[in-house]
Every structure is written in C-alpha cells, then in structure tokens.
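**Student:** One file: input.csv (CSV, N, CA and C atoms).
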```
chain,number,residue,atom,x,y,z
A,195,MET,N,11.2,17.0,12.4
A,195,MET,CA,11.3,15.5,12.6
A,195,MET,C,10.5,14.8,11.5
A,196,SER,N,11.1,13.8,10.9
A,196,SER,CA,10.4,13.1,9.9
A,196,SER,C,9.5,12.0,10.5
A,197,PRO,N,8.4,11.6,9.8
A,197,PRO,CA,7.6,10.5,10.3
A,197,PRO,C,8.3,9.2,10.3
A,198,ASP,N,7.9,8.3,11.2
A,198,ASP,CA,8.5,6.9,11.2
A,198,ASP,C,8.3,6.2,9.9
A,199,PRO,N,9.2,5.4,9.5
A,199,PRO,CA,9.0,4.7,8.2
A,199,PRO,C,7.8,3.7,8.3
A,200,ILE,N,7.1,3.6,7.3
A,200,ILE,CA,5.9,2.7,7.2
A,200,ILE,C,6.4,1.3,6.9
A,201,THR,N,5.9,0.4,7.7
A,201,THR,CA,6.4,-1.0,7.5
A,201,THR,C,5.4,-1.9,6.8
A,202,SER,N,4.2,-1.6,6.8
A,202,SER,CA,3.2,-2.4,6.1
A,202,SER,C,2.1,-1.6,5.5
A,203,TYR,N,1.3,-2.3,4.7
A,203,TYR,CA,0.1,-1.7,4.0
A,203,TYR,C,-0.8,-1.3,5.1
A,204,ARG,N,-1.0,-2.1,6.1
A,204,ARG,CA,-2.0,-1.8,7.2
A,204,ARG,C,-1.6,-0.5,7.9
A,205,ASP,N,-0.3,-0.4,8.2
A,205,ASP,CA,0.2,0.8,8.9
A,205,ASP,C,0.0,2.0,8.0
A,206,ALA,N,0.3,1.9,6.8
A,206,ALA,CA,0.2,3.1,5.9
A,206,ALA,C,-1.3,3.5,5.8
A,207,TYR,N,-2.2,2.5,5.7
A,207,TYR,CA,-3.6,2.8,5.6
A,207,TYR,C,-4.1,3.4,6.9
A,208,ALA,N,-3.6,2.9,8.0
A,208,ALA,CA,-4.0,3.5,9.3
A,208,ALA,C,-3.5,4.9,9.4
A,209,THR,N,-2.3,5.2,8.9
A,209,THR,CA,-1.8,6.6,8.9
A,209,THR,C,-2.7,7.5,8.1
A,210,LEU,N,-3.1,7.0,6.9
A,210,LEU,CA,-3.9,7.9,6.0
A,210,LEU,C,-5.3,8.1,6.7
A,211,ALA,N,-5.9,7.1,7.3
A,211,ALA,CA,-7.1,7.3,8.0
A,211,ALA,C,-7.0,8.3,9.2
A,212,ARG,N,-5.9,8.2,9.9
A,212,ARG,CA,-5.7,9.1,11.1
A,212,ARG,C,-5.6,10.5,10.6
A,213,ILE,N,-4.8,10.7,9.5
A,213,ILE,CA,-4.6,12.0,9.0
A,213,ILE,C,-5.9,12.6,8.4
A,214,ALA,N,-6.6,11.8,7.7
A,214,ALA,CA,-7.9,12.2,7.1
A,214,ALA,C,-8.8,12.7,8.3
A,215,GLY,N,-8.9,11.9,9.3
A,215,GLY,CA,-9.8,12.2,10.4
A,215,GLY,C,-9.4,13.6,11.1
A,216,GLU,N,-8.1,13.8,11.2
A,216,GLU,CA,-7.6,15.0,11.9
A,216,GLU,C,-7.9,16.2,11.0
A,217,LEU,N,-7.7,16.0,9.7
A,217,LEU,CA,-7.9,17.2,8.8
A,217,LEU,C,-9.4,17.4,8.6
A,218,GLU,N,-10.2,16.4,8.6
A,218,GLU,CA,-11.7,16.6,8.4
A,218,GLU,C,-12.3,17.2,9.7
A,219,SER,N,-11.7,16.9,10.8
A,219,SER,CA,-12.3,17.4,12.1
A,219,SER,C,-12.1,18.9,12.2
A,220,GLY,N,-11.2,19.5,11.4
A,220,GLY,CA,-10.9,20.9,11.5
A,220,GLY,C,-10.1,21.3,12.7
A,221,ASP,N,-9.6,20.3,13.4
A,221,ASP,CA,-8.8,20.6,14.6
A,221,ASP,C,-7.3,20.7,14.3
A,222,ALA,N,-6.9,20.4,13.1
A,222,ALA,CA,-5.5,20.5,12.8
A,222,ALA,C,-5.1,22.0,12.7
A,223,ASP,N,-4.1,22.3,13.5
A,223,ASP,CA,-3.5,23.7,13.5
A,223,ASP,C,-2.9,23.9,12.1
A,224,LEU,N,-2.9,25.1,11.6
A,224,LEU,CA,-2.4,25.4,10.3
A,224,LEU,C,-0.9,25.0,10.2
A,225,ASP,N,-0.2,25.2,11.2
A,225,ASP,CA,1.3,24.8,11.2
A,225,ASP,C,1.4,23.3,11.1
A,226,ARG,N,0.4,22.6,11.4
A,226,ARG,CA,0.5,21.1,11.4
A,226,ARG,C,0.1,20.5,10.1
A,227,VAL,N,-0.6,21.3,9.2
A,227,VAL,CA,-1.2,20.8,8.0
A,227,VAL,C,-0.1,20.3,7.0
A,228,LEU,N,1.0,21.1,6.8
A,228,LEU,CA,2.0,20.7,5.9
A,228,LEU,C,2.7,19.4,6.3
A,229,PRO,N,3.1,19.3,7.6
A,229,PRO,CA,3.7,18.0,8.0
A,229,PRO,C,2.7,16.8,7.8
A,230,LEU,N,1.4,17.1,8.1
A,230,LEU,CA,0.4,16.0,7.9
A,230,LEU,C,0.3,15.6,6.5
A,231,LEU,N,0.3,16.6,5.6
A,231,LEU,CA,0.3,16.3,4.1
A,231,LEU,C,1.5,15.5,3.7
A,232,GLU,N,2.7,15.8,4.2
A,232,GLU,CA,3.9,15.1,3.8
A,232,GLU,C,3.8,13.7,4.3
A,233,GLU,N,3.3,13.5,5.5
A,233,GLU,CA,3.2,12.2,6.1
A,233,GLU,C,2.2,11.4,5.3
A,234,ALA,N,1.1,12.0,4.9
A,234,ALA,CA,0.1,11.4,4.0
A,234,ALA,C,0.6,11.0,2.7
A,235,ARG,N,1.5,11.8,2.1
A,235,ARG,CA,2.1,11.5,0.8
A,235,ARG,C,2.9,10.3,0.9
A,236,ILE,N,3.7,10.1,2.0
A,236,ILE,CA,4.6,9.0,2.2
A,236,ILE,C,3.7,7.7,2.4
A,237,ALA,N,2.7,7.8,3.2
A,237,ALA,CA,1.8,6.7,3.4
A,237,ALA,C,1.0,6.3,2.1
A,238,TYR,N,0.6,7.2,1.4
A,238,TYR,CA,-0.1,6.9,0.1
A,238,TYR,C,0.8,6.2,-0.8
A,239,ALA,N,2.1,6.7,-0.9
A,239,ALA,CA,3.0,6.1,-1.8
A,239,ALA,C,3.3,4.6,-1.4
A,240,ALA,N,3.4,4.4,-0.1
A,240,ALA,CA,3.6,3.0,0.4
A,240,ALA,C,2.4,2.1,0.0
A,241,CYS,N,1.2,2.6,0.2
A,241,CYS,CA,0.0,1.8,-0.2
A,241,CYS,C,0.0,1.6,-1.7
A,242,ARG,N,0.2,2.6,-2.4
A,242,ARG,CA,0.2,2.4,-3.9
A,242,ARG,C,1.3,1.4,-4.4
A,243,GLU,N,2.4,1.5,-3.8
A,243,GLU,CA,3.5,0.6,-4.1
A,243,GLU,C,3.1,-0.9,-3.9
A,244,ARG,N,2.5,-1.1,-2.7
A,244,ARG,CA,2.1,-2.5,-2.4
A,244,ARG,C,0.9,-3.0,-3.3
A,245,LEU,N,0.0,-2.1,-3.6
A,245,LEU,CA,-1.1,-2.5,-4.4
A,245,LEU,C,-0.6,-2.8,-5.9
A,246,GLU,N,0.3,-2.0,-6.4
A,246,GLU,CA,0.8,-2.2,-7.7
A,246,GLU,C,1.6,-3.5,-7.7
A,247,ALA,N,2.3,-3.9,-6.7
A,247,ALA,CA,3.0,-5.1,-6.6
A,247,ALA,C,2.0,-6.3,-6.7
A,248,VAL,N,0.9,-6.2,-6.0
A,248,VAL,CA,-0.1,-7.3,-6.0
A,248,VAL,C,-0.7,-7.3,-7.4
A,249,ARG,N,-1.0,-6.2,-8.0
A,249,ARG,CA,-1.6,-6.2,-9.4
A,249,ARG,C,-0.6,-6.8,-10.4
A,250,SER,N,0.6,-6.5,-10.2
A,250,SER,CA,1.6,-7.0,-11.1
A,250,SER,C,1.7,-8.6,-11.0
A,251,VAL,N,1.7,-9.1,-9.8
A,251,VAL,CA,1.7,-10.5,-9.7
A,251,VAL,C,0.5,-11.2,-10.2
A,252,LEU,N,-0.7,-10.6,-9.9
A,252,LEU,CA,-1.9,-11.2,-10.4
A,252,LEU,C,-2.1,-11.1,-11.9
A,253,ALA,N,-1.5,-10.1,-12.5
A,253,ALA,CA,-1.7,-9.9,-14.0
A,253,ALA,C,-0.6,-10.6,-14.7
A,254,GLY,N,0.5,-10.9,-14.1
A,254,GLY,CA,1.6,-11.5,-14.9
A,254,GLY,C,2.1,-12.8,-14.4
A,255,ASP,N,3.2,-12.7,-13.6
A,255,ASP,CA,3.9,-13.9,-13.2
A,255,ASP,C,3.1,-14.9,-12.5
A,256,TRP,N,2.2,-14.5,-11.6
A,256,TRP,CA,1.4,-15.5,-10.9
A,256,TRP,C,0.5,-16.3,-11.8
A,257,ALA,N,-0.1,-15.6,-12.8
A,257,ALA,CA,-1.0,-16.3,-13.7
A,257,ALA,C,-0.2,-17.2,-14.6
A,258,ASP,N,1.0,-16.8,-15.0
A,258,ASP,CA,1.9,-17.7,-15.8
A,258,ASP,C,2.3,-18.9,-15.0
A,259,ASP,N,2.6,-18.8,-13.7
A,259,ASP,CA,3.0,-19.9,-12.9
A,259,ASP,C,1.9,-20.9,-12.7
A,260,SER,N,0.6,-20.5,-12.7
A,260,SER,CA,-0.5,-21.4,-12.5
A,260,SER,C,-0.7,-22.2,-13.7
A,261,ASP,N,-0.4,-21.7,-14.9
A,261,ASP,CA,-0.5,-22.5,-16.2
A,261,ASP,C,0.6,-23.6,-16.1
A,262,ASP,N,1.8,-23.3,-15.6
A,262,ASP,CA,2.8,-24.3,-15.5
A,262,ASP,C,2.4,-25.4,-14.6
A,263,LEU,N,1.7,-25.1,-13.5
A,263,LEU,CA,1.3,-26.1,-12.6
A,263,LEU,C,0.3,-27.0,-13.2
A,264,ASP,N,-0.7,-26.4,-14.0
A,264,ASP,CA,-1.7,-27.2,-14.7
A,264,ASP,C,-1.0,-28.2,-15.6
A,265,GLU,N,0.0,-27.8,-16.3
A,265,GLU,CA,0.7,-28.7,-17.3
A,265,GLU,C,1.4,-29.8,-16.5
A,266,ASP,N,2.1,-29.5,-15.4
A,266,ASP,CA,2.8,-30.5,-14.6
A,266,ASP,C,1.8,-31.5,-14.0
A,267,GLU,N,0.6,-31.1,-13.6
A,267,GLU,CA,-0.4,-32.0,-13.1
A,267,GLU,C,-0.8,-32.9,-14.2
A,268,ALA,N,-1.0,-32.4,-15.4
A,268,ALA,CA,-1.4,-33.2,-16.6
A,268,ALA,C,-0.4,-34.2,-16.9
A,269,ASP,N,0.9,-33.9,-16.8
A,269,ASP,CA,2.0,-34.8,-17.1
A,269,ASP,C,2.0,-36.0,-16.1
A,270,GLU,N,1.6,-35.7,-14.9
A,270,GLU,CA,1.6,-36.8,-13.9
A,270,GLU,C,0.5,-37.8,-14.1
A,271,ASP,N,-0.6,-37.5,-14.9
A,271,ASP,CA,-1.7,-38.4,-15.1
A,271,ASP,C,-1.4,-39.5,-16.1
```
For the structure just supplied, provide its representation as structure tokens.

**Tutor:**
Amino acid sequence: MSPDPITSYRDAYATLARIAGELESGDADLDRVLPLLEEARIAYAACRERLEAVRSVLAGDWADDSDDLDEDEADED
C-alpha cells in the first residue's frame, strides 16, 4: 500500500517528523523501515519542491515585479 499523497508543506513536514520519531525511538520493526524510508523520501521531495518554488520566486520574478511597482508609483507622482 502506498502512502497518501502529500497535499501541503505542513503535511510533508509532519510526516517527516513522525517518521523521524518512530525511527529514533527504535520501535520501528525492521519490516517497517523500508516503507518508512520510502514515505520519508516522498515527504522530503514535497518539502524540497515547495522550498525551491519559494526561493525561485524570492530570487527572481517576485523581486523583478517589485521593481515594476516602484516605477509605476513614481509615474503616478
């Protein structure tokens, strides 16, 4: 059975925290470790994807758009 799809950064982060807790406690059965690691891989990828999207906006398009707004405001004066 595959894990439920992750719908938000918060869900993905909570999944990683839950898995880390289970693995750190030592209670995870050996047969459960591989499925946990696969679930963690999916959650990590979801977190990374969302973080990269935010970085991209902050480093590129968003910064360029704010310059356009400053020019528009100057034109109105």

**Student:** For CA of Leu230 in chain A and CA of Arg249 in chain A, determine how far apart the two atoms are, in Å to one decimal place.

**Tutor:**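 The value is 28.2 Å.
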
**Student:** Suppose you want the space between CA of Ala237 in chain A and atom N of Glu218 in chain A; what is it in Å?

**Tutor:**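 The value is 16.3 Å.
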
**Student:** What's the separation between CA of Ile236 in chain A and CA of Tyr207 in chain A, in Å to one decimal place?

**Tutor:**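 If I compute the distance from CA of Ile236 in chain A to CA of Tyr207 in chain A, I get 10.8 Å.
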
**Student:** Find the residue from A:Pro229, A:Leu224, A:Thr201, A:Ala206 that sits nearest to Cys241 in chain A; use only C-alpha atoms when measuring.

**Tutor:**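 Using only C-alpha atoms, the shortest distance to Cys241 in chain A belongs to A:Ala206.
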
**Student:** Residues proximal to (-0.2, 2.6, -1.9) were defined as those with any atom within 12 Å of that point in the file's coordinates, counting only C-alpha atoms. Which are they, as a ChimeraX atom specification?

**Tutor:** /A:200,202-210,234-249
